[in-house]
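S.K.: For reference, the file protein-v9.cif (mmCIF, C-alpha atoms) is included below:
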data_input
loop_
_atom_site.label_atom_id
_atom_site.label_comp_id
_atom_site.auth_asym_id
_atom_site.auth_seq_id
_atom_site.Cartn_x
_atom_site.Cartn_y
_atom_site.Cartn_z
CA MET I 1 -29.04 -11.80 4.85
CA ARG I 2 -25.86 -13.81 4.50
CA VAL I 3 -23.94 -14.40 7.74
CA HIS I 4 -20.13 -14.30 7.86
CA LYS I 5 -18.53 -15.82 10.93
CA SER I 6 -14.85 -15.62 11.79
CA SER I 7 -12.69 -14.42 14.66
CA PRO I 8 -11.04 -11.03 14.19
CA PRO I 9 -7.50 -11.43 12.81
CA ASP I 10 -4.59 -9.82 14.60
CA PRO I 11 -3.76 -6.68 12.58
CA GLY I 12 -0.08 -6.91 13.50
CA PHE I 13 2.42 -4.10 14.10
CA GLY I 14 4.33 -2.80 11.10
CA ILE I 15 7.21 -0.45 10.36
CA TYR I 16 7.17 1.62 7.18
CA VAL I 17 10.45 3.13 5.93
CA HIS I 18 10.19 5.85 3.28
CA TRP I 19 12.99 6.36 0.77
CA PRO I 20 11.96 9.56 -1.04
CA PHE I 21 14.22 9.50 -4.10
CA CYS I 22 13.52 8.50 -7.70
CA LEU I 23 15.48 8.73 -10.94
CA SER I 24 12.55 10.59 -12.51
CA LYS I 25 8.99 11.61 -11.60
CA CYS I 26 6.23 9.60 -13.26
CA PRO I 27 3.40 11.75 -14.69
CA TYR I 28 0.67 9.95 -12.71
CA CYS I 29 2.46 9.90 -9.34
CA ASP I 30 1.48 12.10 -6.40
CA PHE I 31 3.63 10.30 -3.83
CA ASN I 32 6.28 12.10 -1.81
CA SER I 33 9.09 11.40 -4.28
CA HIS I 34 11.92 13.62 -5.42
CA VAL I 35 14.75 13.61 -7.96
CA ARG I 36 18.22 14.48 -6.65
CA GLU I 37 21.51 14.37 -8.54
CA GLN I 38 23.49 13.35 -5.45
CA ILE I 39 22.53 11.56 -2.25
CA ASP I 40 24.73 11.21 0.83
CA HIS I 41 23.81 7.60 1.60
CA ALA I 42 25.77 7.43 4.86
CA ARG I 43 24.00 10.52 6.16
CA TRP I 44 20.58 9.19 5.19
CA ARG I 45 21.32 5.81 6.74
CA ALA I 46 22.25 7.43 10.05
CA ALA I 47 19.07 9.54 10.01
CA LEU I 48 16.76 6.58 9.36
CA LEU I 49 18.39 4.67 12.22
CA ALA I 50 18.03 7.67 14.55
CA GLU I 51 14.32 8.01 13.82
CA LEU I 52 13.84 4.27 14.36
CA ASP I 53 15.46 4.68 17.77
CA HIS I 54 13.04 7.51 18.55
CA TYR I 55 9.98 5.35 17.86
CA ALA I 56 11.46 2.25 19.49
CA ALA I 57 11.67 4.14 22.76
CA ARG I 58 7.96 5.00 22.44
CA THR I 59 6.77 1.49 21.56
CA GLU I 60 8.93 -0.66 23.80
CA GLY I 61 7.80 -4.27 24.03
CA ARG I 62 5.87 -4.34 20.74
CA THR I 63 6.46 -7.20 18.30
CA VAL I 64 7.09 -6.18 14.69
CA THR I 65 5.27 -8.40 12.20
CA SER I 66 6.29 -6.61 8.99
CA ILE I 67 8.71 -4.07 7.54
CA PHE I 68 7.98 -2.21 4.31
CA PHE I 69 10.48 -0.11 2.36
CA GLY I 70 8.42 2.26 0.19
CA GLY I 71 9.00 5.41 -1.75
CA GLY I 72 10.10 6.91 -3.97
CA THR I 73 12.23 4.07 -5.21
CA PRO I 74 13.79 2.16 -2.30
CA SER I 75 15.61 -0.21 -4.65
CA LEU I 76 17.90 2.80 -5.27
CA MET I 77 18.84 2.60 -1.59
CA GLU I 78 22.22 1.04 -0.91
CA PRO I 79 21.76 -2.56 0.27
CA ALA I 80 23.88 -1.65 3.29
CA THR I 81 21.19 0.84 4.32
CA ALA I 82 18.44 -1.78 4.07
CA ALA I 83 20.59 -4.17 6.11
CA ALA I 84 21.28 -1.54 8.77
CA VAL I 85 17.57 -0.68 9.08
CA ILE I 86 16.55 -4.34 9.39
CA ASP I 87 19.27 -5.01 11.96
CA ARG I 88 18.31 -1.94 14.01
CA ILE I 89 14.65 -2.98 14.07
CA ALA I 90 15.64 -6.46 15.26
CA ALA I 91 17.82 -4.92 17.96
CA ARG I 92 15.22 -2.46 19.26
CA TRP I 93 11.95 -4.44 18.98
CA ASN I 94 10.82 -8.02 19.23
CA THR I 95 10.32 -9.48 15.77
CA ALA I 96 7.77 -12.12 14.82
CA PRO I 97 8.93 -15.50 13.48
CA GLY I 98 8.84 -15.35 9.70
CA ILE I 99 8.59 -11.55 9.67
CA GLU I 100 7.63 -10.17 6.25
CA ILE I 101 10.17 -7.66 4.86
CA THR I 102 9.03 -6.02 1.62
CA LEU I 103 10.89 -3.62 -0.65
CA GLU I 104 9.36 -1.74 -3.59
CA ALA I 105 11.52 -1.85 -6.70
CA ASN I 106 11.54 -0.56 -10.24
CA PRO I 107 12.54 -3.01 -12.97
CA SER I 108 15.60 -1.23 -14.35
CA SER I 109 18.74 -3.29 -14.87
CA VAL I 110 20.61 -1.14 -12.34
CA GLU I 111 18.13 -2.00 -9.61
CA ALA I 112 17.79 -5.66 -10.62
CA ASP I 113 21.55 -5.99 -10.16
CA ARG I 114 21.01 -5.15 -6.47
CA PHE I 115 18.38 -7.82 -5.83
CA GLN I 116 20.83 -10.46 -4.59
CA ALA I 117 22.44 -7.99 -2.16
CA LEU I 118 19.04 -6.83 -0.93
CA ALA I 119 17.98 -10.43 -0.33
CA SER I 120 21.19 -10.99 1.62
CA ALA I 121 20.35 -7.88 3.67
CA GLY I 122 17.15 -9.58 4.83
CA VAL I 123 14.50 -8.49 2.32
CA ASN I 124 12.27 -11.52 1.65
CA ARG I 125 9.50 -9.99 -0.47
CA VAL I 126 9.73 -7.59 -3.41
CA SER I 127 6.99 -5.50 -4.99
CA LEU I 128 7.98 -4.71 -8.57
CA GLY I 129 6.55 -1.70 -10.40
CA LEU I 130 6.06 -3.15 -13.88
CA GLN I 131 2.87 -1.06 -14.46
CA ALA I 132 2.32 -2.32 -18.03
CA LEU I 133 3.54 -5.05 -20.37
CA ASP I 134 3.79 -3.14 -23.66
CA ASP I 135 6.26 -0.47 -24.66
CA VAL I 136 3.72 2.13 -25.84
CA SER I 137 1.90 2.10 -22.52
CA LEU I 138 5.15 2.20 -20.57
CA GLY I 139 6.21 5.26 -22.54
CA PHE I 140 2.88 6.94 -21.84
CA LEU I 141 3.26 6.19 -18.11
CA GLY I 142 6.74 7.72 -18.08
CA ARG I 143 8.48 4.51 -17.11
CA ARG I 144 12.22 4.15 -17.70
CA HIS I 145 12.07 0.46 -18.66
CA ASN I 146 10.58 -1.34 -21.63
CA ALA I 147 8.47 -4.50 -21.46
CA ALA I 148 11.39 -6.87 -22.08
CA GLU I 149 13.46 -5.22 -19.34
CA GLY I 150 10.51 -5.41 -16.97
CA LEU I 151 9.99 -9.13 -17.51
CA ALA I 152 13.74 -9.75 -17.22
CA ALA I 153 13.78 -7.93 -13.86
CA LEU I 154 10.79 -10.01 -12.75
CA ALA I 155 12.73 -13.19 -13.56
CA VAL I 156 15.70 -11.92 -11.51
CA ALA I 157 13.35 -11.08 -8.63
CA LYS I 158 11.83 -14.57 -8.65
CA ARG I 159 15.32 -16.09 -8.43
CA ASN I 160 16.29 -13.96 -5.44
CA PHE I 161 13.19 -13.50 -3.28
CA ALA I 162 10.87 -16.03 -1.69
CA ARG I 163 7.85 -13.83 -2.39
CA VAL I 164 7.27 -11.59 -5.42
CA SER I 165 4.45 -9.22 -6.31
CA PHE I 166 4.14 -6.81 -9.19
CA ASP I 167 1.95 -3.83 -10.08
CA LEU I 168 -0.09 -3.09 -13.19
CA ILE I 169 -2.06 0.04 -14.07
CA TYR I 170 -5.20 -0.31 -16.17
CA ALA I 171 -8.00 1.95 -17.49
CA ARG I 172 -5.39 3.76 -19.54
CA PRO I 173 -6.56 6.05 -22.36
CA HIS I 174 -7.94 4.11 -25.32
CA GLN I 175 -7.43 0.75 -23.56
CA THR I 176 -9.96 -1.86 -24.68
CA VAL I 177 -11.27 -4.80 -22.71
CA ALA I 178 -9.76 -7.21 -25.25
CA ALA I 179 -6.31 -5.63 -24.94
CA TRP I 180 -6.50 -5.73 -21.14
CA GLU I 181 -7.58 -9.38 -21.21
CA ALA I 182 -4.49 -10.24 -23.25
CA GLU I 183 -2.18 -8.23 -20.98
CA LEU I 184 -3.68 -9.71 -17.84
CA ALA I 185 -3.38 -13.24 -19.24
CA ARG I 186 0.32 -12.60 -19.84
CA ALA I 187 0.69 -11.32 -16.27
CA ILE I 188 -1.06 -14.39 -14.86
CA GLY I 189 1.29 -16.56 -16.88
CA GLU I 190 4.24 -15.22 -14.91
CA GLY I 191 3.01 -17.28 -11.97
CA THR I 192 3.58 -14.83 -9.14
CA GLU I 193 1.67 -15.16 -5.87
CA HIS I 194 0.44 -11.56 -5.68
CA LEU I 195 -0.72 -8.91 -8.15
CA SER I 196 -1.63 -5.29 -7.46
CA VAL I 197 -3.84 -3.85 -10.21
CA TYR I 198 -4.63 -0.16 -9.96
CA GLN I 199 -7.12 1.80 -12.02
CA LEU I 200 -5.44 4.91 -13.42
CA THR I 201 -6.73 8.00 -11.66
CA ILE I 202 -5.93 11.66 -12.20
CA GLU I 203 -4.23 12.96 -9.05
CA GLU I 204 -3.98 16.65 -8.25
CA GLY I 205 -0.55 18.17 -8.80
CA THR I 206 0.63 15.58 -11.34
CA LYS I 207 1.58 16.07 -14.97
CA PHE I 208 -1.44 14.01 -15.98
CA ALA I 209 -3.71 16.38 -14.04
CA THR I 210 -2.36 19.29 -16.08
CA LEU I 211 -2.89 17.45 -19.35
CA TYR I 212 -6.38 16.37 -18.31
CA ALA I 213 -7.36 19.92 -17.39
CA ARG I 214 -6.22 21.10 -20.83
CA GLY I 215 -8.29 18.43 -22.55
CA GLU I 216 -5.14 16.71 -23.80
CA LEU I 217 -5.75 13.44 -21.93
CA ALA I 218 -8.94 11.43 -22.46
CA MET I 219 -9.82 8.79 -19.87
CA PRO I 220 -12.02 5.75 -20.57
CA ASP I 221 -15.71 6.34 -19.94
CA GLU I 222 -17.44 4.89 -16.87
CA ASP I 223 -18.86 1.88 -18.71
CA THR I 224 -15.42 0.93 -20.03
CA GLN I 225 -13.83 1.40 -16.61
CA ALA I 226 -16.50 -0.84 -15.07
CA ALA I 227 -15.96 -3.50 -17.74
CA LEU I 228 -12.20 -3.42 -17.17
CA TYR I 229 -12.71 -3.78 -13.42
CA GLU I 230 -15.11 -6.70 -13.82
CA THR I 231 -12.74 -8.40 -16.27
CA THR I 232 -9.93 -8.04 -13.74
CA GLN I 233 -11.96 -9.63 -10.95
CA ALA I 234 -13.16 -12.50 -13.12
CA MET I 235 -9.81 -13.40 -14.69
CA LEU I 236 -7.74 -13.18 -11.54
CA GLY I 237 -10.35 -15.01 -9.49
CA ALA I 238 -10.44 -17.83 -12.05
CA ALA I 239 -6.63 -17.99 -11.95
CA GLY I 240 -6.58 -18.56 -8.18
CA LEU I 241 -5.72 -14.94 -7.35
CA PRO I 242 -8.94 -13.62 -5.79
CA ALA I 243 -9.21 -10.04 -4.61
CA TYR I 244 -8.62 -9.66 -0.89
CA GLU I 245 -8.67 -5.85 -1.23
CA ILE I 246 -10.05 -3.57 -3.93
CA SER I 247 -6.79 -3.41 -5.90
CA ASN I 248 -4.89 -6.42 -4.55
CA HIS I 249 -5.11 -10.08 -5.51
CA ALA I 250 -3.23 -13.01 -4.02
CA ARG I 251 -3.13 -16.74 -3.74
CA PRO I 252 -4.55 -17.75 -0.34
CA GLY I 253 -1.89 -17.11 2.30
CA ALA I 254 0.17 -14.81 0.06
CA GLU I 255 -1.55 -11.55 0.99
CA SER I 256 0.68 -8.61 1.93
CA ARG I 257 0.83 -8.81 5.72
CA HIS I 258 2.10 -5.26 6.01
CA ASN I 259 -0.74 -3.77 4.00
CA LEU I 260 -3.23 -5.90 5.93
CA THR I 261 -2.00 -4.12 9.06
CA TYR I 262 -3.11 -0.81 7.50
CA TRP I 263 -6.45 -2.13 6.28
CA ARG I 264 -7.21 -3.88 9.60
CA TYR I 265 -6.35 -0.60 11.35
CA GLY I 266 -3.41 -1.92 13.27
CA ASP I 267 -0.62 0.22 14.68
CA TYR I 268 2.42 1.05 12.58
CA VAL I 269 5.51 3.23 12.80
CA GLY I 270 6.37 5.48 9.84
CA VAL I 271 9.93 6.74 9.42
CA GLY I 272 11.40 8.91 6.68
CA PRO I 273 10.20 12.10 4.95
CA GLY I 274 6.43 12.39 4.80
CA ALA I 275 5.86 9.04 6.50
CA HIS I 276 2.66 8.64 8.52
CA GLY I 277 2.01 6.36 11.47
CA ARG I 278 -0.72 5.28 13.85
CA LEU I 279 0.27 4.37 17.41
CA THR I 280 -1.81 3.39 20.41
CA ILE I 281 -0.01 4.61 23.54
CA ASP I 282 -1.57 4.52 27.01
CA GLY I 283 -4.92 3.73 25.44
CA GLN I 284 -4.89 6.74 23.11
CA LYS I 285 -4.63 6.51 19.32
CA LEU I 286 -2.07 8.97 17.96
CA ALA I 287 -1.38 10.05 14.39
CA THR I 288 2.27 10.70 13.57
CA ARG I 289 3.45 12.58 10.49
CA ALA I 290 6.94 13.49 9.34
CA HIS I 291 8.04 16.58 7.45
CA ARG I 292 7.62 15.95 3.71
CA ALA I 293 10.63 17.84 2.35
CA PRO I 294 13.63 15.47 2.43
CA GLU I 295 16.18 18.11 3.38
CA ILE I 296 14.03 19.56 6.17
CA TRP I 297 13.34 16.07 7.53
CA LEU I 298 17.06 15.25 7.47
CA GLU I 299 18.01 18.44 9.30
CA ARG I 300 15.30 17.87 11.95
CA VAL I 301 16.47 14.31 12.61
CA GLU I 302 20.07 15.40 12.96
CA ALA I 303 19.03 18.17 15.35
CA SER I 304 16.51 16.33 17.54
CA GLY I 305 16.51 12.61 16.72
CA HIS I 306 13.33 12.63 14.62
CA GLY I 307 11.72 14.57 11.80
CA ALA I 308 8.11 14.35 12.93
CA HIS I 309 5.51 17.02 13.54
CA ALA I 310 3.77 16.98 16.92
CA ASP I 311 1.54 13.96 17.55
CA GLU I 312 -2.14 14.45 16.75
CA PRO I 313 -4.70 12.58 18.90
CA VAL I 314 -7.23 10.70 16.77
CA SER I 315 -10.75 11.37 18.01
CA ALA I 316 -13.37 8.67 18.43
CA SER I 317 -15.22 9.78 15.30
CA GLU I 318 -11.99 9.89 13.30
CA ARG I 319 -11.09 6.41 14.51
CA ARG I 320 -14.49 5.16 13.43
CA ASP I 321 -14.09 6.71 9.99
CA GLU I 322 -10.55 5.41 9.51
CA LEU I 323 -11.43 1.91 10.70
CA VAL I 324 -14.43 1.70 8.36
CA MET I 325 -12.73 3.37 5.38
CA MET I 326 -9.81 0.96 5.56
CA GLY I 327 -11.73 -2.15 6.54
CA LEU I 328 -14.37 -1.94 3.83
CA ARG I 329 -11.61 -2.07 1.21
CA LEU I 330 -11.10 -5.70 2.27
CA THR I 331 -13.32 -8.53 1.10
CA GLU I 332 -13.38 -9.70 4.74
CA GLY I 333 -14.78 -6.35 5.90
CA VAL I 334 -14.62 -5.21 9.53
CA SER I 335 -15.55 -7.49 12.41
CA ARG I 336 -17.81 -6.39 15.26
CA ALA I 337 -15.13 -7.57 17.69
CA ARG I 338 -12.56 -5.31 16.04
CA MET I 339 -14.92 -2.35 16.32
CA ARG I 340 -15.50 -3.06 19.99
CA ASP I 341 -11.76 -3.40 20.64
CA GLU I 342 -10.95 -0.16 18.84
CA LEU I 343 -14.00 1.98 19.61
CA GLY I 344 -15.60 0.46 22.68
CA ALA I 345 -18.88 0.18 20.78
CA ASP I 346 -20.64 -2.17 18.41
CA VAL I 347 -21.44 -1.35 14.80
CA ASP I 348 -25.17 -0.79 15.39
CA GLY I 349 -24.60 2.46 17.29
CA LEU I 350 -21.86 3.91 15.10
CA PHE I 351 -23.85 5.44 12.25
CA GLU I 352 -26.54 8.11 12.14
CA GLY I 353 -30.14 7.32 11.36
CA ARG I 354 -30.83 4.74 8.69
CA LYS I 355 -27.64 5.29 6.68
CA LEU I 356 -26.32 1.78 7.23
CA GLU I 357 -29.73 0.15 6.75
CA ARG I 358 -30.30 1.94 3.44
CA LEU I 359 -26.91 0.83 2.06
CA VAL I 360 -27.60 -2.76 3.13
CA ASP I 361 -31.04 -2.66 1.51
CA ALA I 362 -29.52 -1.28 -1.70
CA GLY I 363 -27.06 -4.17 -1.90
CA PHE I 364 -23.87 -2.18 -1.29
CA LEU I 365 -23.13 -3.47 2.22
CA GLU I 366 -23.74 -6.71 4.10
CA MET I 367 -24.28 -6.82 7.85
CA GLY I 368 -23.53 -10.32 9.16
CA ALA I 369 -23.65 -11.73 12.64
CA ASP I 370 -20.02 -10.83 13.24
CA ARG I 371 -18.95 -8.31 10.59
CA LEU I 372 -19.75 -5.48 8.24
CA ARG I 373 -18.49 -5.83 4.68
CA ALA I 374 -18.96 -4.28 1.28
CA THR I 375 -20.49 -6.42 -1.43
CA GLU I 376 -18.71 -6.72 -4.77
CA THR I 377 -21.01 -4.00 -6.08
CA GLY I 378 -20.24 -1.86 -3.04
CA ARG I 379 -16.47 -2.25 -3.40
CA GLN I 380 -16.71 -1.14 -7.03
CA ARG I 381 -18.37 2.07 -5.82
CA LEU I 382 -16.70 2.32 -2.45
CA ASN I 383 -15.96 6.05 -2.48
CA ALA I 384 -19.65 6.82 -2.95
CA VAL I 385 -20.66 4.20 -0.36
CA LEU I 386 -18.30 5.68 2.23
CA ALA I 387 -19.47 9.20 1.50
CA SER I 388 -23.04 8.12 2.12
CA LEU I 389 -22.24 6.09 5.23
CA LEU I 390 -19.85 8.51 6.94
CA GLY I 391 -20.92 11.86 5.53
#
Could you take the file, read its structure, and then write that structure out as structure tokens?

M.R.:
Amino acid sequence: MRVHKSSPPDPGFGIYVHWPFCLSKCPYCDFNSHVREQIDHARWRAALLAELDHYAARTEGRTVTSIFFGGGTPSLMEPATAAAVIDRIAARWNTAPGIEITLEANPSSVEADRFQALASAGVNRVSLGLQALDDVSLGFLGRRHNAAEGLAALAVAKRNFARVSFDLIYARPHQTVAAWEAELARAIGEGTEHLSVYQLTIEEGTKFATLYARGELAMPDEDTQAALYETTQAMLGAAGLPAYEISNHARPGAESRHNLTYWRYGDYVGVGPGAHGRLTIDGQKLATRAHRAPEIWLERVEASGHGAHADEPVSASERRDELVMMGLRLTEGVSRARMRDELGADVDGLFEGRKLERLVDAGFLEMGADRLRATETGRQRLNAVLASLLG
């Protein structure tokens, strides 16, 4: 059995800020996003700052290693709001040298025009939702930009931000391996340090789910999906962008620090409608969750200083499941030391019967001297592996 030795990395402490508004709802999206004709930006800015104050009082002394503006479409946020949030975090917490501050953006010309102001506000990394590089696919995905506009926005982003990532969606209906190879080669040619490549899935409650249920949307078969996945791994690996997580590829050192905090099961604050968090306070892991509806969240914050539901303690078994579910997404896996720190137990006693041994024997997991990790085969089938291990 191959042995992997390394010290457990610090998962960091992140702050996630949710901006729930979009110009339109994409047919594949099940995120907490909403379309509104008018937004009172000053009111929303004040509410985000108030909820930050609420969590700062609960996590005094922590050092923030990353900030992530997600959504929705946070590039529709006024740059003054981003600046106010960043300044408030710096005022209420310690911040790490070289803190990573990411903002998700769509590549419309309206949003690209804000990139310089957002960079001046303190954003130093942008994640751009290109999703595809041809107009037919972009139309199918419900995107408001065409391929030329997307690439133009990417060029503007690279001029304004030190670090740039962009997203692509593959395994689209009727997509061939040859077509994906050509699209991926074009993406690699853009020279960015980080790519997120997501396999299209049918999510409950979306427009695509309705079409799929009616038989009006045909997805690629399993063999094609597997071939597309394997092509992705091979091409990006050869280009110096190896996978560090199932859907995320980066040049060494350019990984998303904020998302690594999630996958390494670190603590993070979540502010804004529907935002989740995980906080360790007085030795107890707590799950935080905000009201999803934007207007209800806003009213709750204005009435009581936060829009969260009551904290929910995370049990030992839930912590085990969350730690393993997140950690096995990473190529590095989960270290024994991290398990001991989080759970007070080593990996050998965490799973019932021979579940772990059987998955190792089958080639889906590797158990090294210092960590548990999924093999490449295991990561490709991770949902089934996790169901077998944790079920």

S.K.: Run the PyMOL selection byres ((chain I and resi 10-15) around 10) mentally over the shown coordinates, then write out the matched residues as a PyMOL selection string, using the chain letters and numbers from the document.

M.R.: chain I and resi 7-9+16-18+52+55+62-69+89+95-96+99-101+257-271+277-279+338

S.K.: Translate the PyMOL selection byres ((chain I and resi 210-224) around 9), as applied to the file shown, into an explicit residue set as a PyMOL selection string.

M.R.: chain I and resi 171-177+200-202+204-209+225-229

S.K.: So that I have them on file, write out the residues from the current selection with C-alpha atoms, as a tab-separated table (two decimals), in the frame of the given file.

M.R.:
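Contents of part36.tsv, as written:
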chain	number	residue	atom	x	y	z
I	171	ALA	CA	-8.00	1.95	-17.49
I	172	ARG	CA	-5.39	3.76	-19.54
I	173	PRO	CA	-6.56	6.05	-22.36
I	174	HIS	CA	-7.94	4.11	-25.32
I	175	GLN	CA	-7.43	0.75	-23.56
I	176	THR	CA	-9.96	-1.86	-24.68
I	177	VAL	CA	-11.27	-4.80	-22.71
I	200	LEU	CA	-5.44	4.91	-13.42
I	201	THR	CA	-6.73	8.00	-11.66
I	202	ILE	CA	-5.93	11.66	-12.20
I	204	GLU	CA	-3.98	16.65	-8.25
I	205	GLY	CA	-0.55	18.17	-8.80
I	206	THR	CA	0.63	15.58	-11.34
I	207	LYS	CA	1.58	16.07	-14.97
I	208	PHE	CA	-1.44	14.01	-15.98
I	209	ALA	CA	-3.71	16.38	-14.04
I	225	GLN	CA	-13.83	1.40	-16.61
I	226	ALA	CA	-16.50	-0.84	-15.07
I	227	ALA	CA	-15.96	-3.50	-17.74
I	228	LEU	CA	-12.20	-3.42	-17.17
I	229	TYR	CA	-12.71	-3.78	-13.42

S.K.: Determine the nearest neighbour of Ala345 (chain I) from the options I:Ala316, I:Leu330, I:Leu76, I:Leu128, counting only C-alpha atoms.

M.R.: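 Closest to Ala345 (chain I), using only C-alpha atoms: I:Ala316.
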
S.K.: Pick out the closest residue to Asn32 (chain I) from this set: I:Pro79, I:Gly150, I:Gly274, I:Gly98. Count only C-alpha atoms.

M.R.: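 Distance minimum relative to Asn32 (chain I) lands on I:Gly274.
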
S.K.: Point out the residue among I:Gly391, I:Gly240, I:Gly368, I:Gly71 with the least atom-to-atom distance to Ser317 (chain I), counting all atoms listed in the file.

M.R.: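 Residue with the minimum atom-to-atom distance to Ser317 (chain I): I:Gly391.
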
S.K.: When the PyMOL selection byres ((chain I and resi 57) around 12) is applied to the structure above, which residues does it catch, written out as a tab-separated table (two decimals) with C-alpha atoms, in the coordinates of the input?

M.R.:
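Writing done, so here's result-v4.tsv:
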chain	number	residue	atom	x	y	z
I	50	ALA	CA	18.03	7.67	14.55
I	51	GLU	CA	14.32	8.01	13.82
I	52	LEU	CA	13.84	4.27	14.36
I	53	ASP	CA	15.46	4.68	17.77
I	54	HIS	CA	13.04	7.51	18.55
I	55	TYR	CA	9.98	5.35	17.86
I	56	ALA	CA	11.46	2.25	19.49
I	58	ARG	CA	7.96	5.00	22.44
I	59	THR	CA	6.77	1.49	21.56
I	60	GLU	CA	8.93	-0.66	23.80
I	61	GLY	CA	7.80	-4.27	24.03
I	62	ARG	CA	5.87	-4.34	20.74
I	89	ILE	CA	14.65	-2.98	14.07
I	91	ALA	CA	17.82	-4.92	17.96
I	92	ARG	CA	15.22	-2.46	19.26
I	93	TRP	CA	11.95	-4.44	18.98
I	269	VAL	CA	5.51	3.23	12.80
I	281	ILE	CA	-0.01	4.61	23.54
I	305	GLY	CA	16.51	12.61	16.72
I	306	HIS	CA	13.33	12.63	14.62

S.K.: When you count only C-alpha atoms, which of these residues is closest to Glu332 (chain I): I:Ala254, I:Ala90, I:Ile246, I:Leu49?

M.R.: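 Ranking I:Ala254, I:Ala90, I:Ile246, I:Leu49 by distance to Glu332 (chain I), first place goes to I:Ile246.
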
S.K.: To one decimal in Å, tell me the separation between CA of Lys355 (chain I) and CA of Glu322 (chain I).

M.R.: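 Taking CA of Lys355 (chain I) and CA of Glu322 (chain I), their separation equals 17.3 Å.
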
S.K.: Smallest atom-to-atom distance to His194 (chain I): which of I:Gly122, I:Pro27, I:Gly378, I:Pro242, using all atoms listed in the file?

M.R.: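 Checking each of I:Gly122, I:Pro27, I:Gly378, I:Pro242 against His194 (chain I), counting all atoms listed in the file, the winner is I:Pro242.
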
S.K.: To one decimal in Å, tell me the separation between CA of Glu104 (chain I) and CA of Ala293 (chain I).

M.R.: 20.5 Å
